[in-house]
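Dropping entry37.csv in here (CSV, C-alpha atoms):
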```csv
chain,number,residue,atom,x,y,z
A,2,MET,CA,26.6,-119.7,-61.9
A,3,ASN,CA,28.4,-120.8,-65.0
A,4,ALA,CA,30.2,-118.6,-67.5
A,5,GLU,CA,27.2,-118.4,-69.8
A,6,ASP,CA,24.9,-117.3,-67.1
A,7,GLN,CA,27.5,-114.8,-65.9
A,8,ASN,CA,27.8,-113.3,-69.4
A,9,GLN,CA,24.1,-113.1,-69.7
A,10,ASP,CA,23.9,-111.2,-66.5
A,11,PHE,CA,26.6,-108.9,-67.5
A,12,GLU,CA,24.7,-108.2,-70.6
A,13,LYS,CA,21.6,-107.5,-68.6
A,14,LEU,CA,23.7,-105.4,-66.2
A,15,GLN,CA,25.0,-103.4,-69.1
A,16,HIS,CA,21.5,-102.8,-70.3
A,17,LEU,CA,20.6,-101.6,-66.8
A,18,LEU,CA,23.6,-99.3,-66.7
A,19,LYS,CA,22.3,-97.7,-69.9
A,20,LEU,CA,19.7,-96.1,-67.6
A,21,LYS,CA,22.4,-93.8,-66.3
A,22,ARG,CA,22.8,-92.3,-69.7
A,23,TYR,CA,19.3,-91.0,-69.5
A,24,GLU,CA,20.0,-89.1,-66.3
A,25,LYS,CA,20.2,-85.5,-67.4
A,26,PRO,CA,20.2,-82.2,-65.6
A,27,HIS,CA,17.5,-79.7,-66.5
A,28,PRO,CA,17.5,-78.7,-70.1
A,29,ARG,CA,18.8,-75.2,-69.6
A,30,TYR,CA,21.6,-76.3,-67.3
A,31,PHE,CA,24.4,-76.2,-69.8
A,32,ASN,CA,23.3,-73.0,-71.5
A,33,ASP,CA,25.4,-70.8,-69.3
A,34,PHE,CA,27.8,-73.4,-67.7
A,35,SER,CA,30.7,-72.3,-69.8
A,36,SER,CA,30.1,-68.6,-69.1
A,37,GLN,CA,30.0,-69.3,-65.4
A,38,VAL,CA,33.4,-71.1,-65.7
A,39,VAL,CA,34.9,-68.2,-67.7
A,40,SER,CA,33.4,-65.7,-65.2
A,41,ARG,CA,35.1,-67.5,-62.3
A,42,ILE,CA,38.3,-67.6,-64.2
A,43,ARG,CA,38.2,-63.9,-64.8
A,44,ALA,CA,37.2,-63.3,-61.2
A,45,GLY,CA,40.2,-65.4,-60.1
A,46,ARG,CA,42.4,-63.2,-62.2
A,47,THR,CA,41.2,-60.0,-60.7
A,48,GLY,CA,40.7,-61.3,-57.1
A,49,SER,CA,37.0,-61.5,-56.8
A,50,ARG,CA,35.3,-59.7,-54.0
A,51,PHE,CA,32.6,-62.3,-54.2
A,52,GLU,CA,35.0,-65.2,-53.7
A,53,ALA,CA,34.0,-65.6,-50.1
A,54,VAL,CA,30.3,-65.6,-51.1
A,55,ASP,CA,31.0,-68.2,-53.8
A,56,ASN,CA,32.9,-70.3,-51.3
A,57,LEU,CA,30.1,-70.1,-48.7
A,58,ILE,CA,27.5,-71.1,-51.2
A,59,SER,CA,29.6,-74.0,-52.6
A,60,ARG,CA,30.3,-75.4,-49.1
A,61,THR,CA,26.8,-75.2,-47.8
A,62,PRO,CA,24.7,-77.9,-49.4
A,63,TRP,CA,21.3,-76.5,-48.4
A,64,LEU,CA,22.3,-73.0,-49.5
A,65,ARG,CA,23.6,-74.4,-52.8
A,66,ARG,CA,20.3,-76.3,-53.4
A,67,LEU,CA,18.3,-73.1,-52.6
A,68,TRP,CA,20.4,-71.0,-54.9
A,69,ARG,CA,20.1,-73.6,-57.7
A,70,THR,CA,16.3,-73.7,-57.2
A,71,VAL,CA,16.1,-69.9,-57.4
A,72,GLU,CA,18.4,-69.9,-60.5
A,73,THR,CA,16.3,-72.4,-62.4
A,74,GLN,CA,12.9,-71.1,-61.5
A,75,PRO,CA,12.5,-67.5,-62.4
A,76,ALA,CA,9.0,-67.2,-61.1
A,77,LEU,CA,10.2,-68.4,-57.7
A,78,SER,CA,13.1,-66.0,-57.6
A,79,GLY,CA,10.7,-63.2,-58.6
A,80,ALA,CA,8.3,-64.2,-55.8
A,81,LEU,CA,11.1,-64.3,-53.2
A,82,ALA,CA,12.3,-60.9,-54.3
A,83,ALA,CA,8.8,-59.5,-54.0
A,84,VAL,CA,8.5,-61.0,-50.5
A,85,ALA,CA,11.8,-59.5,-49.5
A,86,CYS,CA,10.8,-56.0,-50.7
A,87,GLY,CA,7.5,-56.3,-49.0
A,88,LEU,CA,9.2,-57.2,-45.7
A,89,MET,CA,11.5,-54.3,-46.0
A,90,VAL,CA,8.7,-51.9,-46.7
A,91,ALA,CA,6.7,-53.3,-43.8
A,92,GLY,CA,9.7,-52.9,-41.5
A,93,VAL,CA,10.2,-49.3,-42.4
A,94,PHE,CA,6.5,-48.6,-42.0
A,95,LEU,CA,6.4,-50.3,-38.6
A,96,MET,CA,9.5,-48.3,-37.5
A,97,GLU,CA,7.9,-45.1,-38.4
A,98,THR,CA,4.6,-45.8,-36.6
A,99,THR,CA,6.3,-46.9,-33.3
A,100,THR,CA,8.8,-44.0,-33.1
A,101,PRO,CA,7.6,-41.8,-30.1
A,102,THR,CA,7.0,-38.2,-31.2
A,103,ASN,CA,5.4,-36.5,-28.1
A,104,LEU,CA,7.4,-37.1,-25.0
A,105,ASN,CA,6.7,-34.7,-22.1
A,106,PHE,CA,9.1,-34.5,-19.1
A,107,THR,CA,7.8,-33.9,-15.6
A,108,ALA,CA,10.1,-32.8,-12.8
A,109,ILE,CA,11.1,-35.4,-10.3
A,110,GLY,CA,10.3,-33.7,-7.1
A,111,GLU,CA,11.1,-30.1,-6.1
A,112,PRO,CA,14.7,-29.4,-6.5
A,113,PRO,CA,16.2,-28.3,-3.3
A,114,GLY,CA,17.3,-24.7,-3.4
A,115,ALA,CA,14.5,-23.8,-5.6
A,116,GLU,CA,13.5,-21.2,-2.9
A,117,ASN,CA,17.0,-19.9,-3.2
A,118,PRO,CA,17.6,-19.4,-6.8
A,119,GLY,CA,20.9,-17.7,-6.1
A,120,SER,CA,22.5,-20.6,-4.4
A,121,ASP,CA,25.9,-21.5,-5.5
A,122,PHE,CA,26.0,-24.1,-8.2
A,123,ALA,CA,28.6,-26.1,-6.3
A,124,THR,CA,26.2,-26.5,-3.3
A,125,ALA,CA,23.4,-27.7,-5.3
A,126,PRO,CA,24.7,-30.8,-7.0
A,127,LEU,CA,22.7,-32.3,-9.7
A,128,GLY,CA,22.0,-35.4,-7.7
A,129,ASN,CA,19.8,-33.5,-5.1
A,130,ASN,CA,17.7,-32.1,-7.8
A,131,PHE,CA,16.4,-35.5,-8.7
A,132,ALA,CA,14.5,-36.7,-5.6
A,133,VAL,CA,12.3,-39.7,-6.4
A,134,SER,CA,8.7,-38.8,-6.9
A,135,PRO,CA,6.0,-41.0,-5.4
A,136,GLN,CA,4.5,-41.4,-8.8
A,137,LEU,CA,7.6,-43.0,-10.2
A,138,VAL,CA,8.1,-45.3,-7.2
A,139,SER,CA,4.6,-46.7,-7.5
A,140,SER,CA,4.9,-47.0,-11.3
A,141,THR,CA,5.9,-50.3,-12.8
A,142,ASN,CA,6.7,-48.6,-16.0
A,143,THR,CA,10.5,-48.7,-16.3
A,144,ALA,CA,10.4,-45.9,-18.9
A,145,ALA,CA,10.2,-42.7,-17.0
A,146,VAL,CA,7.6,-40.5,-18.6
A,147,LEU,CA,8.6,-37.0,-17.9
A,148,THR,CA,6.3,-34.1,-18.6
A,149,GLY,CA,6.8,-30.4,-18.2
A,150,PRO,CA,9.2,-27.7,-19.3
A,151,ASN,CA,12.8,-28.4,-20.0
A,152,LEU,CA,14.7,-29.9,-17.2
A,153,PHE,CA,17.4,-27.4,-17.3
A,154,ASP,CA,14.9,-24.6,-16.7
A,155,ARG,CA,14.2,-26.0,-13.3
A,156,MET,CA,17.8,-26.5,-12.1
A,157,PRO,CA,18.9,-23.7,-10.0
A,158,GLY,CA,22.4,-22.4,-9.9
A,159,LEU,CA,23.3,-23.5,-13.4
A,160,PRO,CA,24.8,-20.6,-15.2
A,161,ALA,CA,23.3,-19.5,-18.4
A,162,ILE,CA,25.5,-20.0,-21.3
A,163,GLN,CA,27.0,-16.7,-22.3
A,164,PRO,CA,29.0,-16.1,-25.3
A,165,THR,CA,32.7,-16.1,-24.7
A,166,PRO,CA,34.1,-12.6,-24.6
A,167,ALA,CA,36.3,-11.7,-27.4
A,168,ALA,CA,39.3,-11.7,-25.0
A,169,GLY,CA,38.6,-15.3,-24.3
A,170,LEU,CA,37.8,-14.8,-20.6
A,171,PRO,CA,36.1,-17.8,-19.0
A,172,LEU,CA,32.4,-17.9,-18.4
A,173,ARG,CA,30.9,-16.7,-15.1
A,174,PRO,CA,27.6,-17.7,-13.6
A,175,LYS,CA,25.0,-15.1,-13.4
B,10,MET,CA,51.9,-95.2,-88.3
B,11,ILE,CA,48.2,-94.8,-88.4
B,12,SER,CA,46.7,-94.0,-85.1
B,13,VAL,CA,43.3,-95.5,-84.5
B,14,PRO,CA,40.9,-92.9,-83.3
B,15,ALA,CA,39.5,-93.6,-79.9
B,16,ILE,CA,35.8,-94.4,-79.6
B,17,MET,CA,34.3,-91.6,-77.7
B,18,THR,CA,30.8,-90.9,-76.5
B,19,GLU,CA,29.1,-87.8,-77.6
B,20,PRO,CA,25.9,-86.4,-76.1
B,21,ALA,CA,23.0,-86.0,-78.5
B,22,SER,CA,23.1,-82.3,-78.2
B,23,GLU,CA,26.3,-80.3,-77.5
B,24,GLN,CA,24.3,-77.4,-76.2
B,25,GLY,CA,22.3,-79.5,-73.8
B,26,GLY,CA,19.2,-77.6,-74.5
B,27,LYS,CA,15.7,-79.0,-75.3
B,28,GLY,CA,15.8,-81.9,-77.6
B,29,SER,CA,18.9,-83.6,-76.1
B,30,ALA,CA,16.6,-86.5,-75.7
B,31,SER,CA,18.4,-89.7,-76.5
B,32,ALA,CA,21.1,-91.5,-74.7
B,33,GLU,CA,24.7,-90.7,-75.5
B,34,THR,CA,25.7,-92.0,-78.9
B,35,ILE,CA,29.1,-93.3,-79.9
B,36,ARG,CA,31.2,-91.8,-82.7
B,37,PRO,CA,34.9,-92.0,-83.6
B,38,ALA,CA,37.0,-88.9,-82.9
B,39,GLY,CA,38.0,-87.5,-86.3
B,40,SER,CA,41.4,-86.2,-87.1
B,41,ILE,CA,40.0,-83.0,-88.4
B,42,ASP,CA,38.4,-82.4,-85.0
B,43,ARG,CA,41.8,-83.1,-83.4
B,44,ALA,CA,43.7,-80.6,-85.5
B,45,GLU,CA,41.0,-77.9,-85.0
B,46,GLU,CA,41.1,-78.6,-81.3
B,47,GLN,CA,44.9,-78.2,-81.1
B,48,LEU,CA,44.5,-74.8,-82.6
B,49,ILE,CA,41.9,-73.8,-80.0
B,50,VAL,CA,44.0,-75.2,-77.2
B,51,ARG,CA,47.0,-73.2,-78.4
B,52,ARG,CA,44.9,-70.0,-78.4
B,53,ALA,CA,43.6,-70.8,-75.0
B,54,GLN,CA,47.2,-71.4,-73.7
B,55,LYS,CA,48.0,-67.8,-74.8
B,56,GLY,CA,45.2,-66.5,-72.6
B,57,ASP,CA,42.3,-66.4,-75.1
B,58,LEU,CA,39.3,-67.0,-72.8
B,59,ALA,CA,37.0,-67.2,-75.8
B,60,ALA,CA,39.0,-70.2,-77.0
B,61,TYR,CA,38.8,-71.8,-73.6
B,62,ASP,CA,35.1,-71.1,-73.5
B,63,GLU,CA,34.8,-73.1,-76.8
B,64,LEU,CA,36.7,-76.0,-75.2
B,65,VAL,CA,34.4,-75.9,-72.1
B,66,ARG,CA,31.4,-76.1,-74.4
B,67,ARG,CA,32.8,-79.1,-76.2
B,68,TYR,CA,33.4,-81.2,-73.1
B,69,GLN,CA,31.1,-79.8,-70.5
B,70,GLU,CA,28.5,-82.5,-70.8
B,71,ARG,CA,30.9,-85.4,-70.8
B,72,ILE,CA,32.9,-84.1,-67.9
B,73,TYR,CA,29.8,-83.2,-65.9
B,74,ALA,CA,28.3,-86.7,-66.7
B,75,THR,CA,31.4,-88.5,-65.5
B,76,ILE,CA,31.5,-86.6,-62.3
B,77,TYR,CA,27.8,-87.0,-61.8
B,78,HIS,CA,27.9,-90.7,-62.3
B,79,MET,CA,30.7,-90.9,-59.7
B,80,THR,CA,29.0,-88.8,-57.1
B,81,SER,CA,25.3,-89.4,-57.8
B,82,ASN,CA,24.8,-85.8,-56.7
B,83,HIS,CA,24.0,-83.0,-59.1
B,84,GLU,CA,25.2,-80.2,-56.9
B,85,ASP,CA,28.5,-81.8,-56.2
B,86,ALA,CA,28.9,-82.6,-59.9
B,87,ASN,CA,28.2,-79.0,-60.9
B,88,ASP,CA,30.8,-77.7,-58.5
B,89,LEU,CA,33.4,-80.2,-59.3
B,90,ALA,CA,32.9,-79.8,-63.0
B,91,GLN,CA,33.3,-76.1,-62.8
B,92,GLU,CA,36.4,-76.4,-60.6
B,93,SER,CA,37.8,-79.0,-63.0
B,94,PHE,CA,37.6,-76.7,-65.9
B,95,ILE,CA,39.0,-73.8,-63.9
B,96,LYS,CA,41.9,-76.0,-62.8
B,97,GLY,CA,42.3,-77.1,-66.4
B,98,TYR,CA,42.7,-73.4,-67.5
B,99,GLN,CA,45.2,-72.8,-64.8
B,100,ALA,CA,47.2,-75.8,-65.8
B,101,LEU,CA,46.9,-75.2,-69.5
B,102,LYS,CA,50.5,-74.2,-69.9
B,103,SER,CA,51.6,-77.6,-68.6
B,104,PHE,CA,49.6,-79.4,-71.4
B,105,LYS,CA,52.2,-80.5,-73.9
B,106,GLY,CA,50.0,-82.4,-76.3
B,107,GLY,CA,51.3,-85.9,-75.3
B,108,SER,CA,47.7,-87.0,-74.9
B,109,SER,CA,44.6,-85.6,-76.3
B,110,PHE,CA,43.2,-82.6,-74.6
B,111,TYR,CA,40.1,-84.5,-73.8
B,112,THR,CA,42.1,-87.2,-72.0
B,113,TRP,CA,44.1,-84.6,-70.2
B,114,LEU,CA,41.0,-82.8,-69.0
B,115,TYR,CA,39.3,-86.0,-68.1
B,116,ARG,CA,42.3,-86.9,-65.9
B,117,ILE,CA,42.0,-83.6,-64.0
B,118,ALA,CA,38.2,-84.1,-63.5
B,119,VAL,CA,38.6,-87.7,-62.3
B,120,ASN,CA,41.4,-86.9,-59.9
B,121,LYS,CA,39.5,-84.0,-58.5
B,122,THR,CA,36.4,-86.1,-58.1
B,123,ILE,CA,38.2,-89.0,-56.4
B,124,ASN,CA,39.9,-86.7,-54.0
B,125,PHE,CA,36.6,-85.0,-53.2
B,126,LEU,CA,34.9,-88.4,-52.6
B,127,LYS,CA,37.8,-89.6,-50.3
B,128,GLN,CA,37.6,-86.4,-48.3
B,129,ARG,CA,33.8,-86.5,-48.0
B,130,LYS,CA,33.7,-88.6,-44.9
B,131,ASN,CA,30.0,-88.1,-44.2
B,132,ARG,CA,28.4,-88.8,-47.5
B,133,ALA,CA,25.9,-86.2,-48.7
B,134,GLY,CA,22.7,-87.8,-49.8
B,135,MET,CA,22.2,-88.6,-53.5
B,136,SER,CA,20.7,-85.8,-55.5
B,137,LEU,CA,19.7,-87.6,-58.7
B,138,ASN,CA,18.9,-85.9,-62.0
B,139,ASP,CA,15.6,-86.7,-63.6
B,140,LEU,CA,15.5,-89.4,-66.2
B,141,ASP,CA,15.1,-88.2,-69.8
B,142,PHE,CA,11.6,-89.2,-71.1
B,143,ASN,CA,13.2,-91.3,-73.8
B,144,ALA,CA,14.3,-93.8,-71.2
B,145,GLU,CA,10.8,-95.2,-71.3
B,146,LYS,CA,11.3,-95.9,-75.0
B,147,ASP,CA,14.6,-97.8,-74.7
B,148,PRO,CA,13.8,-101.4,-75.5
B,149,ASP,CA,16.5,-102.7,-73.3
B,150,LEU,CA,15.2,-100.8,-70.3
B,151,VAL,CA,11.6,-101.6,-71.1
B,152,ALA,CA,12.6,-105.3,-71.2
B,153,LEU,CA,14.0,-105.0,-67.7
B,154,ILE,CA,10.9,-103.7,-66.2
B,155,SER,CA,8.4,-105.8,-68.0
B,156,ASP,CA,9.6,-109.3,-67.3
B,157,LYS,CA,8.0,-111.6,-64.7
B,158,THR,CA,10.3,-110.8,-61.8
B,159,PRO,CA,10.1,-108.5,-58.8
B,160,ARG,CA,11.5,-105.8,-61.0
B,161,ARG,CA,8.3,-105.9,-63.1
B,162,ASP,CA,6.6,-103.5,-60.7
B,163,ALA,CA,9.6,-101.3,-60.3
B,164,ALA,CA,9.3,-98.1,-62.2
B,165,LEU,CA,12.3,-96.7,-63.9
B,166,GLY,CA,12.7,-94.2,-61.1
B,167,GLU,CA,13.0,-97.0,-58.6
B,168,LEU,CA,15.5,-98.8,-60.9
B,169,GLN,CA,17.5,-95.6,-61.1
B,170,LYS,CA,17.6,-95.2,-57.3
B,171,LYS,CA,18.7,-98.8,-56.8
B,172,LEU,CA,21.3,-98.6,-59.5
B,173,ASN,CA,22.8,-95.4,-58.0
B,174,GLU,CA,22.8,-96.9,-54.6
B,175,ALA,CA,24.6,-100.0,-55.9
B,176,MET,CA,27.1,-97.8,-57.8
B,177,GLN,CA,27.8,-95.9,-54.6
B,178,LYS,CA,28.8,-99.1,-52.8
B,179,LEU,CA,31.6,-99.6,-55.3
B,180,SER,CA,35.1,-98.2,-54.5
B,181,GLU,CA,36.0,-95.1,-56.5
B,182,PRO,CA,38.3,-96.9,-59.0
B,183,HIS,CA,35.7,-99.6,-59.7
B,184,ARG,CA,32.9,-97.1,-60.0
B,185,LEU,CA,35.1,-95.1,-62.4
B,186,VAL,CA,35.8,-97.9,-64.8
B,187,VAL,CA,32.1,-98.8,-64.9
B,188,THR,CA,31.2,-95.2,-65.5
B,189,LEU,CA,33.8,-94.7,-68.2
B,190,HIS,CA,33.2,-98.0,-70.0
B,191,ASP,CA,29.7,-99.2,-69.5
B,192,VAL,CA,28.0,-95.8,-69.1
B,193,GLN,CA,30.1,-93.5,-71.3
B,194,GLY,CA,31.4,-96.0,-73.7
B,195,LEU,CA,35.1,-95.3,-73.6
B,196,ALA,CA,37.6,-97.9,-74.8
B,197,HIS,CA,39.8,-99.8,-72.4
B,198,GLU,CA,42.9,-98.1,-73.7
B,199,GLU,CA,41.5,-94.6,-73.2
B,200,ILE,CA,40.4,-95.5,-69.7
B,201,ALA,CA,43.9,-96.8,-69.0
B,202,GLU,CA,45.3,-93.5,-70.1
B,203,ILE,CA,42.9,-91.5,-68.0
B,204,MET,CA,43.4,-93.7,-64.9
B,205,GLU,CA,47.2,-93.9,-65.6
B,206,CYS,CA,47.2,-97.7,-65.3
B,207,ASN,CA,47.6,-100.5,-67.8
B,208,VAL,CA,44.8,-102.0,-69.8
B,209,GLY,CA,44.9,-105.3,-67.9
B,210,THR,CA,44.1,-103.4,-64.7
B,211,VAL,CA,41.2,-101.7,-66.4
B,212,ARG,CA,39.8,-105.0,-67.5
B,213,SER,CA,40.2,-106.7,-64.1
B,214,ARG,CA,38.6,-103.7,-62.3
B,215,LEU,CA,35.8,-103.7,-64.7
B,216,PHE,CA,35.1,-107.4,-64.3
B,217,TYR,CA,35.2,-107.1,-60.5
B,218,ALA,CA,33.0,-104.1,-60.5
B,219,ARG,CA,30.4,-105.8,-62.7
B,220,GLN,CA,30.4,-108.8,-60.4
B,221,GLN,CA,29.8,-106.5,-57.4
B,222,LEU,CA,27.0,-104.7,-59.2
B,223,GLN,CA,25.4,-107.9,-60.3
B,224,GLY,CA,25.3,-109.1,-56.7
B,225,TYR,CA,23.7,-105.8,-55.5
B,226,LEU,CA,21.1,-105.8,-58.3
B,227,LEU,CA,20.3,-109.4,-58.6
B,228,ASP,CA,16.6,-109.0,-58.2
B,229,TYR,CA,16.5,-106.6,-61.1
B,230,LEU,CA,18.5,-108.8,-63.5
B,231,LYS,CA,16.5,-112.0,-63.3
```
Now that the file is in, can you turn its structure into structure tokens?
Amino acid sequence: MNAEDQNQDFEKLQHLLKLKRYEKPHPRYFNDFSSQVVSRIRAGRTGSRFEAVDNLISRTPWLRRLWRTVETQPALSGALAAVACGLMVAGVFLMETTTPTNLNFTAIGEPPGAENPGSDFATAPLGNNFAVSPQLVSSTNTAAVLTGPNLFDRMPGLPAIQPTPAAGLPLRPK
Amino acid sequence: MISVPAIMTEPASEQGGKGSASAETIRPAGSIDRAEEQLIVRRAQKGDLAAYDELVRRYQERIYATIYHMTSNHEDANDLAQESFIKGYQALKSFKGGSSFYTWLYRIAVNKTINFLKQRKNRAGMSLNDLDFNAEKDPDLVALISDKTPRRDAALGELQKKLNEAMQKLSEPHRLVVTLHDVQGLAHEEIAEIMECNVGTVRSRLFYARQQLQGYLLDYLK
């Protein structure tokens, strides 16, 4: 290729390179660019709490692209916010409907010493009061469904809680 | 001694809003602008953020454009441009006025960008900006896509992609001289000041870079 051809190609190349001048970011991009810079400078002065978030966003390309898309499309950001709120409300609603409200407790077998209510607490350890019931053994439900009156009502030997005397004497079983 | 003002590029719209339609135009940097700028710089050096905001607005498009043309990635360009301005503010006290503020700022942005590109081992994909609609009216570009060659069928978008791919194949210094001279219209002397080398080095790098690009884009230049 002679010099003339080369110069001609350089001229055409320069025409082609003009194409790069037409590459522009979206029209609103520079509207708040300077204010973002100034905000970051101010944040740097005061030690921004959001520096970690800014760094995370700046170092994660996909998050940066997502953030930019949300920034430049208000309708999309509004839709995302609405979806997020909807999910939160749905989550709260689901939690409320699945919270158990009526749990009844059944005794697990007859506590030994039930015929002898006066037996000493020490000889009726808690463990013996909880014999395995056939119903529970055959059940595949790991959650024990207990029905009946309060457990503590059926446990013999346990002293009723009495108010501490004014002198501060220890409690005694009935 | 009369100083010859450098030829600088200026975007069609400083605000970058709608209507910034045409390609960057070229105008001489006036002495009045320089004096006014010096006042603004002095105010910014004293901590006046409003003054620095004005400086950012003046150069945001040019600095962003340089970085974008170097990285071919809008997201990276955005981050690097912001960080360049932030670093510029932090280093303001060290600006003594030996060069124009514009050149000084450019140097910060260029160094930051080159360091970033060198550290980015696994290249992120290109994230190209859209072409302004006025590109289709540019006679030089229209001529490139309307001749009887393989490029006849290539839409401007395809040309843009190929051009950016070719630019990315250049080394950073060569890509920089092409960006500053052929894309942004800076003079050799100004480029030499930014790159801290002599004018001869700028010319030789430019020649080599053009040769490389010519090879990569041969099908589109016939």
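Taking only C-alpha atoms into account, the residues near (15.7, -105.3, -65.3), no farther than 6 Å, are Leu153, Ile154, Tyr229 and Leu230 of chain B.
What separates CA of Glu181 in chain B from CA of His16 in chain A is a distance of 21.4 Å.
As for CA of Glu24 in chain A and CA of Gly79 in chain A, they are spaced 28.6 Å apart.
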inquiry  = Please report the interatomic distance between CA of Ser35 in chain A and CA of Lys105 in chain B in Å with one decimal.
reply    = 23.4 Å
message = The residues within 12 Å of (23.6, -107.2, -58.4), using all atoms listed in the file and the coordinates of the file, should be reported as JSON, numbers by chain; which are they?
response = {"A": [7, 10, 11, 13, 14, 15, 17, 18], "B": [168, 171, 172, 173, 174, 175, 176, 178, 179, 217, 218, 219, 220, 221, 222, 223, 224, 225, 226, 227, 228, 229, 230, 231]}
task = Pull out every residue of chain A that has at least one atom within 9 Å of chain B, counting all atoms listed in the file, and report them as a ChimeraX atom specification.
result = /A:7,10-11,13-32,34-39,41-43,59,62,65-66,69
Writing out the chosen residues with C-alpha atoms as a short mmCIF file (atom, residue, chain, number, x, y, z; two decimals), in the coordinates of the input:
```cif
data_model
loop_
_atom_site.label_atom_id
_atom_site.label_comp_id
_atom_site.auth_asym_id
_atom_site.auth_seq_id
_atom_site.Cartn_x
_atom_site.Cartn_y
_atom_site.Cartn_z
CA GLN A 7 27.50 -114.80 -65.90
CA ASP A 10 23.90 -111.20 -66.50
CA PHE A 11 26.60 -108.90 -67.50
CA LYS A 13 21.60 -107.50 -68.60
CA LEU A 14 23.70 -105.40 -66.20
CA GLN A 15 25.00 -103.40 -69.10
CA HIS A 16 21.50 -102.80 -70.30
CA LEU A 17 20.60 -101.60 -66.80
CA LEU A 18 23.60 -99.30 -66.70
CA LYS A 19 22.30 -97.70 -69.90
CA LEU A 20 19.70 -96.10 -67.60
CA LYS A 21 22.40 -93.80 -66.30
CA ARG A 22 22.80 -92.30 -69.70
CA TYR A 23 19.30 -91.00 -69.50
CA GLU A 24 20.00 -89.10 -66.30
CA LYS A 25 20.20 -85.50 -67.40
CA PRO A 26 20.20 -82.20 -65.60
CA HIS A 27 17.50 -79.70 -66.50
CA PRO A 28 17.50 -78.70 -70.10
CA ARG A 29 18.80 -75.20 -69.60
CA TYR A 30 21.60 -76.30 -67.30
CA PHE A 31 24.40 -76.20 -69.80
CA ASN A 32 23.30 -73.00 -71.50
CA PHE A 34 27.80 -73.40 -67.70
CA SER A 35 30.70 -72.30 -69.80
CA SER A 36 30.10 -68.60 -69.10
CA GLN A 37 30.00 -69.30 -65.40
CA VAL A 38 33.40 -71.10 -65.70
CA VAL A 39 34.90 -68.20 -67.70
CA ARG A 41 35.10 -67.50 -62.30
CA ILE A 42 38.30 -67.60 -64.20
CA ARG A 43 38.20 -63.90 -64.80
CA SER A 59 29.60 -74.00 -52.60
CA PRO A 62 24.70 -77.90 -49.40
CA ARG A 65 23.60 -74.40 -52.80
CA ARG A 66 20.30 -76.30 -53.40
CA ARG A 69 20.10 -73.60 -57.70
#
```
Mind rebuilding range 203-215 of chain B with N, CA and C atoms and writing that out as a short mmCIF file (atom, residue, chain, number, x, y, z; two decimals), in the frame of the given file?
```cif
data_model
loop_
_atom_site.label_atom_id
_atom_site.label_comp_id
_atom_site.auth_asym_id
_atom_site.auth_seq_id
_atom_site.Cartn_x
_atom_site.Cartn_y
_atom_site.Cartn_z
N ILE B 203 43.47 -92.44 -68.95
CA ILE B 203 42.90 -91.50 -68.00
C ILE B 203 43.26 -91.90 -66.56
N MET B 204 43.18 -93.19 -66.30
CA MET B 204 43.40 -93.70 -64.90
C MET B 204 44.91 -93.90 -64.67
N GLU B 205 45.71 -93.73 -65.70
CA GLU B 205 47.20 -93.90 -65.60
C GLU B 205 47.49 -95.29 -65.04
N CYS B 206 46.89 -96.28 -65.65
CA CYS B 206 47.20 -97.70 -65.30
C CYS B 206 47.23 -98.43 -66.64
N ASN B 207 47.50 -99.74 -66.56
CA ASN B 207 47.60 -100.50 -67.80
C ASN B 207 46.19 -101.07 -68.13
N VAL B 208 46.07 -101.55 -69.37
CA VAL B 208 44.80 -102.00 -69.80
C VAL B 208 44.30 -103.23 -69.06
N GLY B 209 45.25 -104.08 -68.67
CA GLY B 209 44.90 -105.30 -67.90
C GLY B 209 44.22 -104.89 -66.57
N THR B 210 44.74 -103.83 -65.95
CA THR B 210 44.10 -103.40 -64.70
C THR B 210 42.73 -102.88 -64.93
N VAL B 211 42.54 -102.18 -66.03
CA VAL B 211 41.20 -101.70 -66.40
C VAL B 211 40.24 -102.88 -66.53
N ARG B 212 40.67 -103.88 -67.26
CA ARG B 212 39.80 -105.00 -67.50
C ARG B 212 39.44 -105.76 -66.21
N SER B 213 40.45 -105.94 -65.37
CA SER B 213 40.20 -106.70 -64.10
C SER B 213 39.27 -105.88 -63.20
N ARG B 214 39.49 -104.58 -63.15
CA ARG B 214 38.60 -103.70 -62.30
C ARG B 214 37.21 -103.77 -62.82
N LEU B 215 37.09 -103.74 -64.13
CA LEU B 215 35.80 -103.70 -64.70
C LEU B 215 35.02 -105.04 -64.42
#
```
